[in-house]
Amino acid sequence: MHDDRSHRLLTRRQQLRIATGLLALGAAPSLAMAQPASYPTKPVKLVIPYPPGGGTDITGRAMAQRLSEFLGQSVVIENKPGATGMIGAASVAKSAPDGYTVLFGAASEMAINASLFKNMTYDPRTDFEPVSLLATFPLVFVAPAATSQSLGELIETARAKPGTVSYGSIGSGSPQHLAAELLSSMAKAKLLHVPYKGSGPLVQDAVGGHLNMAVSSVPPAVPLVRSGKLRALAVTSSKRSEPLPDVPTMAELGFPGYEFNTWVGVAVPKGTPKEIVDRLHDGLIAALAASDVQAALRDQGAVPAGSTPEQFRQFVREEVAKSDKIVSEAGIQAE
């Protein structure tokens with residue numbers, strides 16, 4: 001009797017083992033597709049759609065090292081500049097949705113360009129799976145040190161004599177341009193836009209007194225403000241900027257609700273599995289918490305953000321809508 005029960009038990013075990021084996025064989029392909037638990041099994045390419053050395057590139061490289069440690073695979077930077085970020089962004093949108101080609105993008109190619117260009121080869125609202133917003137970058141309105149007019153006084157002059165108060169930006173359709181046009185719209189004052197080919201010539205002309213104002217990213221402005229060569233009039237963020245703590249926000253100067261930041265975030269091609277998106281998201285949030293990444297962001301005047309994928313999706317939609325409104329009201333044309 002004892003031997004008979006043992007025999008039956010052994011038979012059941014054998015049956016279970018065989019059935020489990022057959023089930024595993026039959027289900028292996030679908031399991032491998034549905035659960036990319038082993039991701040990543042090879043290096044991940046992080047596409048930065050700007051040249052090396054700029055703010056987006058510096059931030060991306062700082063993040064890549066920490067992300068690599070989290071994922072247990074190399075994260076390889078590929079700079080693909082051109083067409084205000086659209087060449088690099090389009091290349092990611094058209095890549096396989098497998099998590100191995102990742103966009104480290106900024107405001108222009110992920111929001112503003114959708115308002116400026118009618119024939120884009122991708123749609124930032126629908127052609128990506130958002131992963132996370134990473135950081136926002138306030139801009140700063142500056143004026144020559146030799147002048148004394150406040151932002152409010154410059155606005156009053158522009159209201160009295162439309163088109164006589166000049167401001168410089170790094171180009172038509174740039175975030176700096178849109179930031180000034182948002183102010184112009186809210187202040188009901190017509191300003192004269194002078195586009196430049198980069199922040200170097202822009203701040204040089206501002207220092208030289210060739211402009212009434214310039215809209216600059218924070219890093220190139222800070223040393224010039226601290227050395228007394230430029231006056232900082234206002235920052236474009238809703239809160240004061242850490243590198244420029246004495247500079248008021250637009251809201252503090254009488255423009256409640258004004259906010260215009262540049263920003264960086266990560267996205268992958270549409271159709272990338274949620275498990276891969278979630279793993280990348282967790283790695284980015286971990287990288288964002290690292291002290292060296294925080295330091296790199298602070299050096300760029302950035303405010304660390306971090307968001308869920310769905311929050312980032314909504315953020316991009318809101319940013320496109322904001323850009324649409326500014327571009328439409330100001331009649332901005334892309335260069």
# chains A, B, ... in the order shown; residues from 1 in each chain; ligands from 1
>>> residues_around(residues="Glu319 in chain A", least_positions_apart="6", cutoff="12 Å", atoms="only C-alpha atoms", output="list in words")
Ala106, Ala107, Ser108, Glu109, Met110, Ala111, Ile112, Asn113, Ala114, Ser115, Pro124, Arg125, Pro175, Leu178, Glu259, Phe260, Asn261, Thr262, Trp263, Phe312, Arg313, Lys325 and Ile326 of chain A
>>> residues_around(residues="Leu134 in chain A", least_positions_apart="3", cutoff="7 Å", atoms="only C-alpha atoms", output="list in words")
Val264, Gly265, Pro304, Ala305 and Gly306 of chain A
>>> select_by_dssp(residues="range 95-151 of chain A", states="alpha helix (DSSP H)", output="list in words")
Ala107, Asn113, Ala114, Ser115, Leu116 and Leu151 of chain A
>>> write_last_selection(atoms="N, CA and C atoms", output="PDB file, in the first residue's frame")
ATOM      1  N   ALA A 107      12.814  71.458 -25.248  1.00  0.00           N
ATOM      2  CA  ALA A 107      11.531  72.097 -25.535  1.00  0.00           C
ATOM      3  C   ALA A 107      11.278  72.314 -27.022  1.00  0.00           C
ATOM      4  N   ASN A 113       8.514  73.419 -31.939  1.00  0.00           N
ATOM      5  CA  ASN A 113       8.569  73.242 -33.396  1.00  0.00           C
ATOM      6  C   ASN A 113       7.230  72.823 -33.990  1.00  0.00           C
ATOM      7  N   ALA A 114       6.413  72.122 -33.193  1.00  0.00           N
ATOM      8  CA  ALA A 114       5.097  71.707 -33.675  1.00  0.00           C
ATOM      9  C   ALA A 114       4.209  72.918 -33.973  1.00  0.00           C
ATOM     10  N   SER A 115       4.508  74.044 -33.322  1.00  0.00           N
ATOM     11  CA  SER A 115       3.748  75.272 -33.566  1.00  0.00           C
ATOM     12  C   SER A 115       4.310  76.076 -34.736  1.00  0.00           C
ATOM     13  N   LEU A 116       5.564  75.827 -35.076  1.00  0.00           N
ATOM     14  CA  LEU A 116       6.252  76.629 -36.088  1.00  0.00           C
ATOM     15  C   LEU A 116       6.272  75.990 -37.470  1.00  0.00           C
ATOM     16  N   LEU A 151      12.421  96.773 -15.847  1.00  0.00           N
ATOM     17  CA  LEU A 151      11.584  96.101 -16.837  1.00  0.00           C
ATOM     18  C   LEU A 151      10.255  96.840 -16.986  1.00  0.00           C
TER      19      LEU A 151
END
>>> closest_residue(among="A:Thr308, A:Thr59, A:Val140, A:Ala330", to="Ala189 in chain A", atoms="only C-alpha atoms")
A:Ala330
>>> closest_atom_pairs(of="range 108-157 of chain A", to="range 272-283 of chain A", cutoff="9 Å", atoms="only C-alpha atoms", output="tab-separated table")
residue	atom	partner	partner_atom	distance
A:Phe128	CA	A:Thr272	CA	8.6
A:Glu129	CA	A:Thr272	CA	6.8
A:Pro130	CA	A:Val277	CA	8.0
A:Val131	CA	A:His281	CA	5.6
A:Ser132	CA	A:His281	CA	6.3
>>> residues_around(residues="Thr236 in chain A", least_positions_apart="3", cutoff="9 Å", atoms="only C-alpha atoms", output="list in words")
Pro138, Leu139, Val140, Phe141, Ala179, Lys239, Arg240, Thr249, Met250, Ala251, Tyr258, Glu259, Phe260 and Asn261 of chain A
>>> closest_residue(among="A:Ala267, A:Ala158, A:Met120, A:Leu244", to="Leu224 in chain A", atoms="only C-alpha atoms")
A:Leu244
>>> residues_around(residues="Lys197 in chain A", least_positions_apart="2", cutoff="10 Å", atoms="only C-alpha atoms", output="PyMOL selection string")
chain A and resi 169-172+195+199-202
>>> write_last_selection(atoms="C-alpha atoms", output="PDB file, in the first residue's frame")
ATOM      1  CA  SER A 169      17.122  86.313 -28.685  1.00  0.00           C
ATOM      2  CA  ILE A 170      19.087  83.380 -30.112  1.00  0.00           C
ATOM      3  CA  GLY A 171      16.799  83.186 -33.139  1.00  0.00           C
ATOM      4  CA  SER A 172      13.282  83.410 -34.487  1.00  0.00           C
ATOM      5  CA  PRO A 195      17.488  87.592 -33.651  1.00  0.00           C
ATOM      6  CA  SER A 199      24.074  83.230 -27.062  1.00  0.00           C
ATOM      7  CA  GLY A 200      27.709  84.444 -27.426  1.00  0.00           C
ATOM      8  CA  PRO A 201      27.012  87.321 -29.868  1.00  0.00           C
ATOM      9  CA  LEU A 202      23.711  88.030 -28.113  1.00  0.00           C
TER      10      LEU A 202
END
>>> closest_residue(among="A:Ala160, A:Ala286, A:Leu103, A:Val266", to="Met86 in chain A", atoms="only C-alpha atoms")
A:Leu103
>>> residues_around(residues="Pro43 in chain A", least_positions_apart="5", cutoff="9 Å", atoms="only C-alpha atoms", output="PyMOL selection string")
chain A and resi 68+73-76+100
>>> write_last_selection(atoms="N, CA and C atoms", output="short mmCIF file (atom, residue, chain, number, x, y, z; two decimals), in the first residue's frame")
data_model
loop_
_atom_site.label_atom_id
_atom_site.label_comp_id
_atom_site.auth_asym_id
_atom_site.auth_seq_id
_atom_site.Cartn_x
_atom_site.Cartn_y
_atom_site.Cartn_z
N SER A 68 23.40 54.32 -16.88
CA SER A 68 24.15 53.13 -17.24
C SER A 68 24.36 52.22 -16.03
N GLN A 73 24.07 48.33 -18.28
CA GLN A 73 24.54 48.33 -19.67
C GLN A 73 25.08 49.71 -20.01
N SER A 74 25.95 49.76 -21.01
CA SER A 74 26.46 51.05 -21.46
C SER A 74 25.32 51.90 -22.02
N VAL A 75 25.38 53.19 -21.75
CA VAL A 75 24.48 54.16 -22.39
C VAL A 75 25.36 55.05 -23.26
N VAL A 76 25.21 54.89 -24.56
CA VAL A 76 26.08 55.54 -25.54
C VAL A 76 25.42 56.82 -26.04
N TYR A 100 16.06 50.65 -27.14
CA TYR A 100 17.50 50.78 -27.37
C TYR A 100 17.87 52.08 -28.09
#
>>> atom_distance(atom1="CA of Leu233 in chain A", atom2="CA of Asn212 in chain A")
11.3 Å
>>> select_by_dssp(residues="range 57-123 of chain A", states="strand (DSSP E or B)", output="PDB file with C-alpha atoms, in the first residue's frame")
ATOM      1  CA  VAL A  75      24.479  54.160 -22.388  1.00  0.00           C
ATOM      2  CA  VAL A  76      26.084  55.543 -25.536  1.00  0.00           C
ATOM      3  CA  ILE A  77      25.629  59.225 -26.423  1.00  0.00           C
ATOM      4  CA  GLU A  78      24.907  60.041 -30.050  1.00  0.00           C
ATOM      5  CA  ASN A  79      24.777  63.750 -30.939  1.00  0.00           C
ATOM      6  CA  THR A 101      17.116  54.179 -29.073  1.00  0.00           C
ATOM      7  CA  VAL A 102      16.136  56.899 -26.598  1.00  0.00           C
ATOM      8  CA  LEU A 103      15.581  60.632 -27.140  1.00  0.00           C
ATOM      9  CA  PHE A 104      17.098  63.081 -24.673  1.00  0.00           C
ATOM     10  CA  GLY A 105      15.094  66.006 -25.947  1.00  0.00           C
ATOM     11  CA  ALA A 106      14.408  69.643 -25.192  1.00  0.00           C
TER      12      ALA A 106
END
>>> closest_residue(among="A:Gln65, A:Ser241, A:Asn119, A:Ser227", to="Ala334 in chain A", atoms="only C-alpha atoms")
A:Asn119
